[in-house]
Structure formats: C-alpha cells, structure tokens
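Chemist: Got run_35.cif for you, mmCIF, C-alpha atoms:
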data_data
#
loop_
_atom_site.group_PDB
_atom_site.id
_atom_site.type_symbol
_atom_site.label_atom_id
_atom_site.label_comp_id
_atom_site.auth_asym_id
_atom_site.auth_seq_id
_atom_site.Cartn_x
_atom_site.Cartn_y
_atom_site.Cartn_z
ATOM 1 C CA MET A 10 106.433 91.282 101.153
ATOM 2 C CA SER A 11 107.751 94.439 99.512
ATOM 3 C CA GLU A 12 110.487 94.336 96.891
ATOM 4 C CA LEU A 13 113.864 93.991 98.626
ATOM 5 C CA ARG A 14 117.244 95.426 97.789
ATOM 6 C CA PRO A 15 120.691 94.792 99.318
ATOM 7 C CA HIS A 16 121.684 97.139 102.098
ATOM 8 C CA SER A 17 123.696 96.688 105.278
ATOM 9 C CA PRO A 18 121.391 97.242 108.219
ATOM 10 C CA ILE A 19 122.651 99.073 111.283
ATOM 11 C CA LEU A 20 121.964 97.708 114.752
ATOM 12 C CA LEU A 21 118.852 99.195 116.325
ATOM 13 C CA PRO A 22 117.986 99.171 120.035
ATOM 14 C CA PHE A 23 114.625 97.444 119.456
ATOM 15 C CA LEU A 24 116.213 94.381 117.769
ATOM 16 C CA THR A 25 117.599 91.522 119.838
ATOM 17 C CA GLN A 26 121.044 90.158 118.983
ATOM 18 C CA ALA A 27 119.469 86.936 117.676
ATOM 19 C CA GLN A 28 117.144 88.859 115.380
ATOM 20 C CA THR A 29 119.976 91.065 114.137
ATOM 21 C CA THR A 30 122.254 88.116 113.394
ATOM 22 C CA ASN A 31 119.463 86.320 111.533
ATOM 23 C CA ASP A 32 118.618 89.498 109.571
ATOM 24 C CA ASN A 33 122.216 90.078 108.545
ATOM 25 C CA LEU A 34 122.543 86.486 107.342
ATOM 26 C CA ASN A 35 119.254 85.958 105.511
ATOM 27 C CA LEU A 36 117.444 89.228 104.899
ATOM 28 C CA SER A 37 117.981 92.507 103.124
ATOM 29 C CA CYS A 38 116.338 95.910 103.487
ATOM 30 C CA PRO A 39 113.084 96.802 101.768
ATOM 31 C CA SER A 40 113.379 99.589 99.198
ATOM 32 C CA VAL A 41 113.932 102.861 101.052
ATOM 33 C CA GLU A 42 110.802 104.609 99.739
ATOM 34 C CA LEU A 43 108.425 101.777 100.705
ATOM 35 C CA PHE A 44 106.402 101.952 103.906
ATOM 36 C CA PRO A 45 105.813 98.711 105.849
ATOM 37 C CA SER A 46 102.572 96.824 106.185
ATOM 38 C CA LEU A 47 101.134 96.551 109.690
ATOM 39 C CA GLU A 48 102.380 92.961 109.939
ATOM 40 C CA ASP A 49 105.934 93.870 108.921
ATOM 41 C CA PHE A 50 105.864 96.924 111.198
ATOM 42 C CA GLN A 51 104.899 94.856 114.241
ATOM 43 C CA SER A 52 107.293 92.027 113.374
ATOM 44 C CA GLY A 53 110.183 94.419 112.872
ATOM 45 C CA LEU A 54 109.688 96.401 116.077
ATOM 46 C CA GLY A 55 108.581 93.472 118.208
ATOM 47 C CA ALA A 56 107.735 94.485 121.786
ATOM 48 C CA TRP A 57 108.673 98.085 121.008
ATOM 49 C CA ALA A 58 105.607 98.315 118.766
ATOM 50 C CA VAL A 59 103.427 97.647 121.813
ATOM 51 C CA VAL A 60 105.311 100.306 123.779
ATOM 52 C CA LEU A 61 104.730 102.762 120.936
ATOM 53 C CA TYR A 62 101.010 101.942 120.730
ATOM 54 C CA VAL A 63 100.434 102.170 124.484
ATOM 55 C CA SER A 64 102.405 105.422 124.841
ATOM 56 C CA SER A 65 100.571 106.973 121.918
ATOM 57 C CA ALA A 66 97.206 105.913 123.359
ATOM 58 C CA ILE A 67 98.067 107.435 126.755
ATOM 59 C CA ILE A 68 99.039 110.777 125.172
ATOM 60 C CA TRP A 69 95.915 110.709 122.984
ATOM 61 C CA THR A 70 93.663 110.034 125.992
ATOM 62 C CA ALA A 71 95.273 112.771 128.098
ATOM 63 C CA LEU A 72 94.942 115.362 125.333
ATOM 64 C CA GLY A 73 91.374 114.209 124.667
ATOM 65 C CA VAL A 74 90.404 114.791 128.288
ATOM 66 C CA GLN A 75 92.040 118.229 128.197
ATOM 67 C CA TYR A 76 90.225 119.150 124.994
ATOM 68 C CA VAL A 77 86.846 118.071 126.374
ATOM 69 C CA PHE A 78 87.483 120.316 129.384
ATOM 70 C CA LEU A 79 88.346 123.214 127.051
ATOM 71 C CA ILE A 80 85.196 122.677 124.971
ATOM 72 C CA ARG A 81 83.088 122.865 128.121
ATOM 73 C CA GLN A 82 84.937 126.013 129.220
ATOM 74 C CA PHE A 83 84.611 127.736 125.844
ATOM 75 C CA VAL A 84 80.927 126.918 125.401
ATOM 76 C CA GLN A 85 80.163 128.427 128.797
ATOM 77 C CA LYS A 86 82.402 131.499 128.639
ATOM 78 C CA LEU A 87 82.994 132.606 125.048
ATOM 79 C CA GLU A 88 80.734 134.558 122.746
ATOM 80 C CA SER A 89 79.767 132.834 119.496
ATOM 81 C CA ALA A 90 82.035 135.092 117.375
ATOM 82 C CA ARG A 91 85.122 133.621 119.076
ATOM 83 C CA LEU A 92 83.875 130.131 119.900
ATOM 84 C CA THR A 93 84.428 128.379 116.554
ATOM 85 C CA HIS A 94 87.860 129.943 115.991
ATOM 86 C CA THR A 95 89.028 129.027 119.486
ATOM 87 C CA LEU A 96 87.788 125.431 119.190
ATOM 88 C CA TRP A 97 89.694 124.998 115.928
ATOM 89 C CA VAL A 98 92.914 126.492 117.253
ATOM 90 C CA THR A 99 92.959 124.449 120.463
ATOM 91 C CA SER A 100 92.106 121.193 118.655
ATOM 92 C CA VAL A 101 95.487 121.169 116.881
ATOM 93 C CA PHE A 102 97.270 119.089 119.523
ATOM 94 C CA PHE A 103 94.529 116.498 120.042
ATOM 95 C CA ILE A 104 94.182 115.998 116.276
ATOM 96 C CA LEU A 105 97.982 115.765 116.035
ATOM 97 C CA ALA A 106 97.985 112.952 118.600
ATOM 98 C CA THR A 107 95.116 111.280 116.723
ATOM 99 C CA CYS A 108 96.951 111.391 113.386
ATOM 100 C CA ASN A 109 100.103 110.106 115.046
ATOM 101 C CA MET A 110 98.284 107.120 116.544
ATOM 102 C CA VAL A 111 96.530 106.306 113.256
ATOM 103 C CA SER A 112 99.812 106.558 111.326
ATOM 104 C CA ILE A 113 101.462 103.844 113.442
ATOM 105 C CA ILE A 114 98.351 101.650 113.297
ATOM 106 C CA LEU A 115 98.158 102.083 109.503
ATOM 107 C CA PRO A 116 101.811 102.649 108.510
ATOM 108 C CA LEU A 117 101.116 102.254 104.786
ATOM 109 C CA ALA A 118 98.871 105.324 104.978
ATOM 110 C CA SER A 119 101.254 107.431 107.088
ATOM 111 C CA GLU A 120 102.397 109.673 104.206
ATOM 112 C CA PHE A 121 98.803 110.506 103.274
ATOM 113 C CA ILE A 122 97.813 111.013 106.927
ATOM 114 C CA TRP A 123 100.541 113.611 107.499
ATOM 115 C CA LEU A 124 99.713 115.448 104.286
ATOM 116 C CA ALA A 125 96.097 115.591 105.466
ATOM 117 C CA TYR A 126 97.195 116.847 108.902
ATOM 118 C CA LYS A 127 99.153 119.686 107.335
ATOM 119 C CA ILE A 128 95.953 120.773 105.589
ATOM 120 C CA TYR A 129 94.147 120.606 108.924
ATOM 121 C CA LEU A 130 96.928 122.664 110.476
ATOM 122 C CA SER A 131 96.602 125.274 107.730
ATOM 123 C CA ILE A 132 92.865 125.539 108.484
ATOM 124 C CA ALA A 133 93.716 126.093 112.153
ATOM 125 C CA GLN A 134 96.125 128.856 111.076
ATOM 126 C CA VAL A 135 93.262 130.575 109.247
ATOM 127 C CA HIS A 136 91.191 130.458 112.433
ATOM 128 C CA PHE A 137 94.097 131.845 114.468
ATOM 129 C CA VAL A 138 94.332 134.806 112.073
ATOM 130 C CA ASP A 139 90.564 135.358 112.331
ATOM 131 C CA LEU A 140 90.847 135.174 116.120
ATOM 132 C CA THR A 141 93.699 137.693 116.039
ATOM 133 C CA MET A 142 91.647 140.115 113.950
ATOM 134 C CA HIS A 143 88.716 139.661 116.329
ATOM 135 C CA TRP A 144 90.947 140.526 119.293
ATOM 136 C CA TYR A 145 92.181 143.614 117.475
ATOM 137 C CA GLY A 146 88.639 144.618 116.562
ATOM 138 C CA GLY A 147 89.204 144.776 112.800
ATOM 139 C CA GLU A 148 91.725 146.116 110.293
ATOM 140 C CA THR A 149 91.224 149.805 111.107
ATOM 141 C CA THR A 150 91.667 149.225 114.838
ATOM 142 C CA MET A 151 94.794 147.122 114.225
ATOM 143 C CA ILE A 152 96.368 149.939 112.192
ATOM 144 C CA THR A 153 95.455 152.411 114.937
ATOM 145 C CA HIS A 154 97.087 150.232 117.619
ATOM 146 C CA VAL A 155 100.223 149.682 115.558
ATOM 147 C CA GLY A 156 100.478 153.295 114.406
ATOM 148 C CA GLU A 157 99.970 154.576 110.869
ATOM 149 C CA GLU A 158 103.514 155.964 110.635
ATOM 150 C CA LYS A 159 105.363 153.000 112.193
ATOM 151 C CA ASN A 160 107.696 151.106 109.860
ATOM 152 C CA ILE A 161 107.421 147.319 109.612
ATOM 153 C CA ASN A 162 109.832 144.835 108.019
ATOM 154 C CA PHE A 163 107.859 142.423 105.825
ATOM 155 C CA ARG A 164 110.936 140.429 104.852
ATOM 156 C CA LYS A 165 110.624 137.932 107.693
ATOM 157 C CA PRO A 166 111.145 134.130 107.892
ATOM 158 C CA PRO A 167 110.342 131.914 106.145
ATOM 159 C CA CYS A 168 110.388 134.519 103.328
ATOM 160 C CA CYS A 169 113.325 136.594 104.582
ATOM 161 C CA CYS A 170 115.084 136.218 101.199
ATOM 162 C CA CYS A 171 112.050 137.217 99.150
ATOM 163 C CA PHE A 172 113.218 140.540 97.708
ATOM 164 C CA CYS A 173 109.764 141.452 96.385
ATOM 165 C CA LEU A 174 108.686 142.083 99.985
ATOM 166 C CA PRO A 175 109.453 145.542 101.447
ATOM 167 C CA ARG A 176 112.014 145.760 104.230
ATOM 168 C CA SER A 177 110.502 148.921 105.701
ATOM 169 C CA THR A 178 106.939 150.065 105.096
ATOM 170 C CA THR A 179 103.853 151.203 106.960
ATOM 171 C CA LEU A 180 100.879 148.981 107.717
ATOM 172 C CA THR A 181 97.802 149.486 105.562
ATOM 173 C CA LYS A 182 94.536 147.640 105.025
ATOM 174 C CA ALA A 183 95.851 146.298 101.714
ATOM 175 C CA LYS A 184 98.916 144.822 103.435
ATOM 176 C CA ILE A 185 96.795 143.279 106.199
ATOM 177 C CA ARG A 186 94.589 141.673 103.531
ATOM 178 C CA PHE A 187 97.689 140.443 101.696
ATOM 179 C CA MET A 188 98.917 138.779 104.902
ATOM 180 C CA LYS A 189 95.479 137.260 105.493
ATOM 181 C CA GLY A 190 95.301 136.066 101.887
ATOM 182 C CA SER A 191 98.680 134.349 102.257
ATOM 183 C CA VAL A 192 97.247 132.324 105.129
ATOM 184 C CA TYR A 193 93.795 131.757 103.600
ATOM 185 C CA GLN A 194 95.132 130.257 100.348
ATOM 186 C CA ALA A 195 96.965 127.400 102.082
ATOM 187 C CA PRO A 196 94.104 124.990 102.938
ATOM 188 C CA TYR A 197 92.415 125.434 99.528
ATOM 189 C CA PHE A 198 95.569 125.092 97.444
ATOM 190 C CA GLN A 199 96.937 122.223 99.524
ATOM 191 C CA SER A 200 93.600 120.380 99.364
ATOM 192 C CA LEU A 201 93.681 120.680 95.576
ATOM 193 C CA CYS A 202 97.253 119.346 95.480
ATOM 194 C CA LEU A 203 96.316 116.451 97.757
ATOM 195 C CA PHE A 204 93.306 115.627 95.541
ATOM 196 C CA ILE A 205 95.527 115.582 92.446
ATOM 197 C CA LEU A 206 98.176 113.542 94.254
ATOM 198 C CA GLY A 207 95.614 110.997 95.463
ATOM 199 C CA SER A 208 94.096 110.696 91.989
ATOM 200 C CA LEU A 209 97.506 110.136 90.403
ATOM 201 C CA GLN A 210 98.446 107.547 93.024
ATOM 202 C CA ILE A 211 95.224 105.596 92.567
ATOM 203 C CA SER A 212 95.781 105.704 88.796
ATOM 204 C CA GLY A 213 99.301 104.348 89.257
ATOM 205 C CA TYR A 214 101.120 107.407 87.913
ATOM 206 C CA VAL A 215 102.811 108.402 91.165
ATOM 207 C CA GLU A 216 104.309 106.731 94.216
ATOM 208 C CA LEU A 217 104.235 108.631 97.508
ATOM 209 C CA GLY A 218 107.733 109.444 98.741
ATOM 210 C CA SER A 219 109.401 109.084 95.325
ATOM 211 C CA LEU A 220 112.162 111.656 94.703
ATOM 212 C CA SER A 221 112.554 110.842 90.998
ATOM 213 C CA PHE A 222 112.400 113.900 88.727
ATOM 214 C CA SER A 223 110.247 111.869 86.352
ATOM 215 C CA SER A 224 107.564 111.504 89.022
ATOM 216 C CA PRO A 225 104.866 114.184 89.525
ATOM 217 C CA TYR A 226 105.190 113.650 93.286
ATOM 218 C CA ILE A 227 108.294 115.810 93.663
ATOM 219 C CA TYR A 228 106.739 118.725 91.739
ATOM 220 C CA ILE A 229 103.494 118.582 93.705
ATOM 221 C CA THR A 230 105.554 118.454 96.890
ATOM 222 C CA VAL A 231 107.401 121.619 95.840
ATOM 223 C CA LEU A 232 104.078 123.399 95.210
ATOM 224 C CA LEU A 233 102.825 122.248 98.605
ATOM 225 C CA ALA A 234 106.005 123.576 100.237
ATOM 226 C CA LEU A 235 105.639 126.978 98.540
ATOM 227 C CA SER A 236 101.992 127.230 99.604
ATOM 228 C CA ASN A 237 102.946 126.217 103.130
ATOM 229 C CA MET A 238 105.748 128.801 103.289
ATOM 230 C CA SER A 239 103.393 131.524 102.093
ATOM 231 C CA GLY A 240 100.847 130.591 104.760
ATOM 232 C CA LEU A 241 103.488 130.499 107.490
ATOM 233 C CA TRP A 242 104.832 133.876 106.420
ATOM 234 C CA GLY A 243 101.387 135.491 106.706
ATOM 235 C CA LEU A 244 100.725 133.935 110.107
ATOM 236 C CA PHE A 245 104.184 134.787 111.471
ATOM 237 C CA MET A 246 103.811 138.385 110.265
ATOM 238 C CA PHE A 247 100.761 138.752 112.521
ATOM 239 C CA PHE A 248 102.830 137.260 115.349
ATOM 240 C CA ASN A 249 105.795 139.568 114.669
ATOM 241 C CA ILE A 250 103.735 142.754 114.400
ATOM 242 C CA THR A 251 101.821 141.986 117.589
ATOM 243 C CA HIS A 252 105.006 141.140 119.508
ATOM 244 C CA GLN A 253 107.005 144.068 118.083
ATOM 245 C CA PHE A 254 104.473 146.643 119.295
ATOM 246 C CA LYS A 255 103.580 144.719 122.470
ATOM 247 C CA LEU A 256 99.883 144.436 121.707
ATOM 248 C CA LEU A 257 97.047 142.128 122.865
ATOM 249 C CA HIS A 258 98.595 141.484 126.294
ATOM 250 C CA ASN A 259 95.169 141.084 127.858
ATOM 251 C CA TYR A 260 94.505 138.122 125.550
ATOM 252 C CA ASN A 261 97.708 136.267 126.528
ATOM 253 C CA TYR A 262 98.685 136.527 122.868
ATOM 254 C CA ARG A 263 102.404 135.849 123.198
ATOM 255 C CA LYS A 264 101.862 132.503 124.919
ATOM 256 C CA LYS A 265 99.092 131.455 122.540
ATOM 257 C CA SER A 266 101.046 132.377 119.435
ATOM 258 C CA SER A 267 104.190 130.714 120.816
ATOM 259 C CA CYS A 268 102.357 127.381 121.271
ATOM 260 C CA MET A 269 101.000 127.570 117.725
ATOM 261 C CA LYS A 270 104.323 128.652 116.217
ATOM 262 C CA LEU A 271 106.315 126.011 118.072
ATOM 263 C CA ILE A 272 104.222 123.067 116.893
ATOM 264 C CA ILE A 273 104.113 124.362 113.293
ATOM 265 C CA VAL A 274 107.899 124.801 113.140
ATOM 266 C CA LEU A 275 108.628 121.432 114.754
ATOM 267 C CA ILE A 276 106.236 119.501 112.510
ATOM 268 C CA ASN A 277 107.723 121.017 109.358
ATOM 269 C CA ILE A 278 111.410 121.062 110.314
ATOM 270 C CA GLN A 279 111.696 117.613 111.870
ATOM 271 C CA GLY A 280 109.833 115.979 108.975
ATOM 272 C CA PHE A 281 112.178 117.654 106.494
ATOM 273 C CA ILE A 282 115.286 116.576 108.424
ATOM 274 C CA VAL A 283 114.138 112.973 108.882
ATOM 275 C CA ASP A 284 113.265 112.678 105.173
ATOM 276 C CA ILE A 285 116.753 113.877 104.210
ATOM 277 C CA LEU A 286 118.390 111.397 106.599
ATOM 278 C CA VAL A 287 116.234 108.589 105.199
ATOM 279 C CA ASN A 288 117.128 109.378 101.589
ATOM 280 C CA GLN A 289 120.827 109.633 102.482
ATOM 281 C CA GLU A 290 120.475 106.226 104.209
ATOM 282 C CA VAL A 291 121.727 107.651 107.496
ATOM 283 C CA ILE A 292 118.615 106.229 109.137
ATOM 284 C CA PRO A 293 118.871 102.429 108.942
ATOM 285 C CA CYS A 294 116.272 99.835 108.099
ATOM 286 C CA ILE A 295 115.097 96.800 110.040
ATOM 287 C CA ALA A 296 116.238 94.096 107.654
ATOM 288 C CA GLY A 297 113.446 92.165 105.993
ATOM 289 C CA TYR A 298 110.659 94.110 107.674
ATOM 290 C CA VAL A 299 110.866 97.904 107.798
ATOM 291 C CA SER A 300 112.544 100.190 105.265
ATOM 292 C CA GLY A 301 114.448 103.363 106.103
ATOM 293 C CA SER A 302 111.246 105.333 105.473
ATOM 294 C CA GLY A 303 109.437 103.103 107.939
ATOM 295 C CA VAL A 304 112.087 103.656 110.607
ATOM 296 C CA GLY A 305 111.934 107.391 109.843
ATOM 297 C CA MET A 306 108.182 107.195 110.429
ATOM 298 C CA VAL A 307 108.842 105.653 113.861
ATOM 299 C CA ILE A 308 111.269 108.469 114.715
ATOM 300 C CA LYS A 309 108.673 111.055 113.660
ATOM 301 C CA ALA A 310 106.007 109.266 115.699
ATOM 302 C CA VAL A 311 108.120 109.360 118.859
ATOM 303 C CA CYS A 312 108.956 113.048 118.340
ATOM 304 C CA VAL A 313 105.324 113.954 117.650
ATOM 305 C CA MET A 314 104.158 111.978 120.658
ATOM 306 C CA LEU A 315 106.460 113.941 122.969
ATOM 307 C CA GLU A 316 105.729 117.294 121.322
ATOM 308 C CA SER A 317 101.960 116.911 121.295
ATOM 309 C CA GLY A 318 101.987 115.843 124.945
ATOM 310 C CA ILE A 319 104.239 118.655 126.171
ATOM 311 C CA ILE A 320 103.129 121.572 123.983
ATOM 312 C CA GLY A 321 99.505 120.414 124.064
ATOM 313 C CA THR A 322 99.543 120.496 127.867
ATOM 314 C CA LEU A 323 101.168 123.949 127.854
ATOM 315 C CA SER A 324 98.462 125.124 125.455
ATOM 316 C CA PHE A 325 95.811 123.703 127.781
ATOM 317 C CA VAL A 326 97.255 125.689 130.689
ATOM 318 C CA VAL A 327 97.223 128.863 128.561
ATOM 319 C CA TYR A 328 93.639 128.431 127.334
ATOM 320 C CA LYS A 329 91.935 126.822 130.355
ATOM 321 C CA ASP A 330 90.853 130.201 131.781
ATOM 322 C CA GLU A 331 89.836 131.623 128.396
ATOM 323 C CA GLY A 332 86.861 133.916 128.812
ATOM 324 C CA THR A 333 87.228 134.387 132.567
ATOM 325 C CA TYR A 334 89.771 137.218 132.570
ATOM 326 C CA LEU A 335 88.249 139.468 129.924
#
Is it possible to express this structure as structure tokens?
Modeler:
Amino acid sequence: MSELRPHSPILLPFLTQAQTTNDNLNLSCPSVELFPSLEDFQSGLGAWAVVLYVSSAIIWTALGVQYVFLIRQFVQKLESARLTHTLWVTSVFFILATCNMVSIILPLASEFIWLAYKIYLSIAQVHFVDLTMHWYGGETTMITHVGEEKNINFRKPPCCCCFCLPRSTTLTKAKIRFMKGSVYQAPYFQSLCLFILGSLQISGYVELGSLSFSSPYIYITVLLALSNMSGLWGLFMFFNITHQFKLLHNYNYRKKSSCMKLIIVLINIQGFIVDILVNQEVIPCIAGYVSGSGVGMVIKAVCVMLESGIIGTLSFVVYKDEGTYL
C-alpha cells in the first residue's frame, strides 16, 4: 500500500458508518499526491465503484452508437475535403467518455490519460479551424466576408490581459495565419512536453502531480498551460470573429462552436478547480485506501461522465443532418 500520512478524513456518502468508524480508528490517509491502485480504489468506494463503472459504460456505449451513426452519415453525405476534419471534431465526446472509463479502470494512469486527452483535444481544435477555413472558402474569402476595414479586438480570453495583442485592428492574412499558428502549435508542443514528462517519470526524476518547485513537473505543467492558452485563444478568435459578424449561418456554426467551446472550457476549468481543492485538502480522502487526489479523480470522472453524455448528445443532434442541408 502507498505511503501513509496522518490526516483526519471527512465523512463521504459512499462509506458506511462501520467503515468510517474503522477508518478513523485504525487508518490514515494516503499521501495527497498519490493515486490509488485499482484494488484500493474498489475497496475504498465499495459498491459505488460498480455504480461508477456501469454508469460510465452506459454513457460510453450511447456515445459510441451515436458516433457510428455520424460516421455513416458523413461518409455518405460529405465530400472528402470535409470528411476527415468532421470525423475528428465529432469524435471528441466519444473519446472523452473512453478516456474517462479507462481512467477509473486504471486509476494509477489517470494523470497520464488526461494529459493525453488534452493533446487529442488540441488535435481536434486544429481540425475545427481547418473546417472553419473550408466553410469560409479560404483566407481571402474570410477577409471579404468580415470586411477589410472592420476593426477586431484581438485581446480576447484567455489572453485578454496580453498587452502585446492589438485591441482594435483590421483582419489580414498574416493575422489569420497567426491565429491558425496559435492553434496548430498546441498538439506538437504538448506532445513534446508529454514525451519529456514520461521520460523523466520513467527515469525517476519526476512524480506526476507533484507541486514541489524542485520538481520538473510543475515547470512542464506551466509550459503545457501556456501552450494550451495560446491554442484556445486562436480557436476562440475564430469563434468570436464569426459570431461578431454573424457569418456561416448556413453551416450551423454557432451551435457547433458552442459545443466545442463548452467542453474545452469545462475540461480545463473543472480540472484546475478540483486540483486546487485537493492540494488545499478541502477534498477529503477515503482513509487507508484513496488519497485526496484519488477522490478528486472520482469527482472529475462523475463531472466528465455527465458532460460527455449531455454535450455529446447535443453535438450529435447538431451534426446528425450534416451534409443534407447544404
């Protein structure tokens, strides 16, 4: 069992009174940064682990069926130039449910799984940008639709405090390419960071989840966050410009971009909040079995399960007639 340290566990709804009393008397909490083994995870959650597995499997199956339907629809209706991009973009929710299910089956690997999913998500963002440019018909056509003399504010979230970005400027090909480049760098840079992080972990130089300033993990995490923010800024700029000038209505762009934006924001924000609560020990442990990080992982899993099911189904409704109304 993992190294233990004293900590007063808080009562959790998935522990019986007998278990809680026994834990308080004889057991202490695993170190907060340690993730549980599968055995400890199942022992700590008890019957609730089965509920989590079954619920996750149901969501995964439902989204899988929806995605198979979309694949069939896209193959029949879409031209090859749009097919690959659309398949990538609409796979986000099914892959999210897959990663969520794997993370609760292999809790020790959950940190790595979610880092890998963020890279996958950044690849999907690249395809959404490519799809957007295809709908516009290219850079020149996009500028024509927006208007060469129209002013655009480039200081938008998540880079609204970045003073190097102009607050009011016209759209040019160079600026479109800068926005695209901000999105395109994310999967490459994040893959490199993940490779370095994995190599350091295998070599024993870094522990995933460590917030010590002497550990390379925190610095690599900062670089990943900066790359992620840059990618989100580029993607959201395409969203903002298209919405501001009310363009691409015939492609249902507002609904499609809203589904993509919503899942990206939720995945990033809720993970950040849960991690803070774990490190401040607001989120309790399950004494002797699951650390605060492990309980935080359960909270994330429940949130992701609900989000992927709801937003994934909304995305299915938006995309299910893709290619039939154009």
Chemist: Starting from the shown file, work through the PyMOL selection byres ((chain A and resi 203-212) around 9) and note down what comes out as a list in words.
Modeler: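 Those residues are Phe121, Leu124, Ala125, Ile128, Phe198, Gln199, Ser200, Leu201, Cys202, Gly213, Tyr214, Val215, Glu216, Leu217, Pro225, Tyr226, Ile229 and Leu233 of chain A.
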Chemist: Could you pull the residues within 10 Å of Arg263 of chain A, counting only C-alpha atoms, minus those fewer than 5 positions along the same chain, as a ChimeraX atom specification?
Modeler: /A:248-249,251-252,255-258,268
Chemist: For segment 22-112 of chain A against segment 312-322 of chain A, with a cut-off of 9 Å and counting only C-alpha atoms, what is the closest atom pair and its distance in Å to one decimal for every residue that makes the cut, ordered by chain and number, as a tab-separated table?
Modeler:
residue	atom	partner	partner_atom	distance
A:Ser64	CA	A:Met314	CA	8.0
A:Ser65	CA	A:Met314	CA	6.3
A:Ile68	CA	A:Gly318	CA	5.9
A:Trp69	CA	A:Gly318	CA	8.2
A:Ala71	CA	A:Gly318	CA	8.0
A:Leu72	CA	A:Gly321	CA	6.9
A:Gln75	CA	A:Thr322	CA	7.8
A:Thr99	CA	A:Gly321	CA	8.5
A:Val101	CA	A:Gly321	CA	8.3
A:Phe102	CA	A:Gly321	CA	5.2
A:Phe103	CA	A:Gly321	CA	7.5
A:Leu105	CA	A:Ser317	CA	6.7
A:Ala106	CA	A:Ser317	CA	6.2
A:Asn109	CA	A:Val313	CA	7.0
A:Met110	CA	A:Met314	CA	8.7
Chemist: Between A:Asn277, A:Thr95, A:Ser89, A:Asn261, which residue has the minimum interatomic distance to Ala133 of chain A, considering all atoms listed in the file?
Modeler: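 Among the listed residues, A:Thr95 lies closest to Ala133 of chain A.
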Chemist: Return the single residue from A:Tyr260, A:Leu241, A:Leu117, A:Thr93 that is closest to Leu47 of chain A, with distances computed using all atoms listed in the file.
Modeler: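 Once distances to Leu47 of chain A are computed over all atoms listed in the file, the minimum belongs to A:Leu117.
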Chemist: Could segment 107-127 of chain A be completed with N, CA and C atoms and written as a short mmCIF file (atom, residue, chain, number, x, y, z; two decimals), keeping the file's coordinate frame, please?
Modeler:
data_model
loop_
_atom_site.label_atom_id
_atom_site.label_comp_id
_atom_site.auth_asym_id
_atom_site.auth_seq_id
_atom_site.Cartn_x
_atom_site.Cartn_y
_atom_site.Cartn_z
N THR A 107 95.97 112.24 117.43
CA THR A 107 95.12 111.28 116.72
C THR A 107 95.77 110.81 115.43
N CYS A 108 96.28 111.74 114.64
CA CYS A 108 96.95 111.39 113.39
C CYS A 108 98.19 110.55 113.65
N ASN A 109 98.90 110.87 114.71
CA ASN A 109 100.10 110.11 115.05
C ASN A 109 99.75 108.66 115.37
N MET A 110 98.70 108.47 116.17
CA MET A 110 98.28 107.12 116.54
C MET A 110 97.80 106.33 115.33
N VAL A 111 97.02 106.98 114.45
CA VAL A 111 96.53 106.31 113.26
C VAL A 111 97.68 105.94 112.32
N SER A 112 98.70 106.81 112.25
CA SER A 112 99.81 106.56 111.33
C SER A 112 100.64 105.34 111.73
N ILE A 113 100.71 105.04 113.04
CA ILE A 113 101.46 103.84 113.44
C ILE A 113 100.58 102.60 113.44
N ILE A 114 99.26 102.79 113.45
CA ILE A 114 98.35 101.65 113.30
C ILE A 114 98.21 101.27 111.82
N LEU A 115 98.25 102.29 110.95
CA LEU A 115 98.16 102.08 109.50
C LEU A 115 99.40 102.67 108.84
N PRO A 116 100.56 102.04 109.01
CA PRO A 116 101.81 102.65 108.51
C PRO A 116 101.84 102.87 107.00
N LEU A 117 101.13 102.06 106.23
CA LEU A 117 101.12 102.25 104.79
C LEU A 117 100.46 103.58 104.40
N ALA A 118 99.59 104.08 105.27
CA ALA A 118 98.87 105.32 104.98
C ALA A 118 99.52 106.53 105.64
N SER A 119 100.67 106.36 106.27
CA SER A 119 101.25 107.43 107.09
C SER A 119 101.56 108.68 106.27
N GLU A 120 102.06 108.52 105.04
CA GLU A 120 102.40 109.67 104.21
C GLU A 120 101.14 110.51 103.92
N PHE A 121 100.07 109.82 103.56
CA PHE A 121 98.80 110.51 103.27
C PHE A 121 98.24 111.17 104.52
N ILE A 122 98.35 110.48 105.66
CA ILE A 122 97.81 111.01 106.93
C ILE A 122 98.50 112.33 107.29
N TRP A 123 99.82 112.39 107.12
CA TRP A 123 100.54 113.61 107.50
C TRP A 123 100.33 114.75 106.51
N LEU A 124 100.10 114.41 105.25
CA LEU A 124 99.71 115.45 104.29
C LEU A 124 98.35 116.03 104.66
N ALA A 125 97.43 115.14 105.06
CA ALA A 125 96.10 115.59 105.47
C ALA A 125 96.18 116.44 106.74
N TYR A 126 97.07 116.06 107.67
CA TYR A 126 97.20 116.85 108.90
C TYR A 126 97.72 118.25 108.62
N LYS A 127 98.63 118.36 107.66
CA LYS A 127 99.15 119.69 107.34
C LYS A 127 98.05 120.59 106.78
#
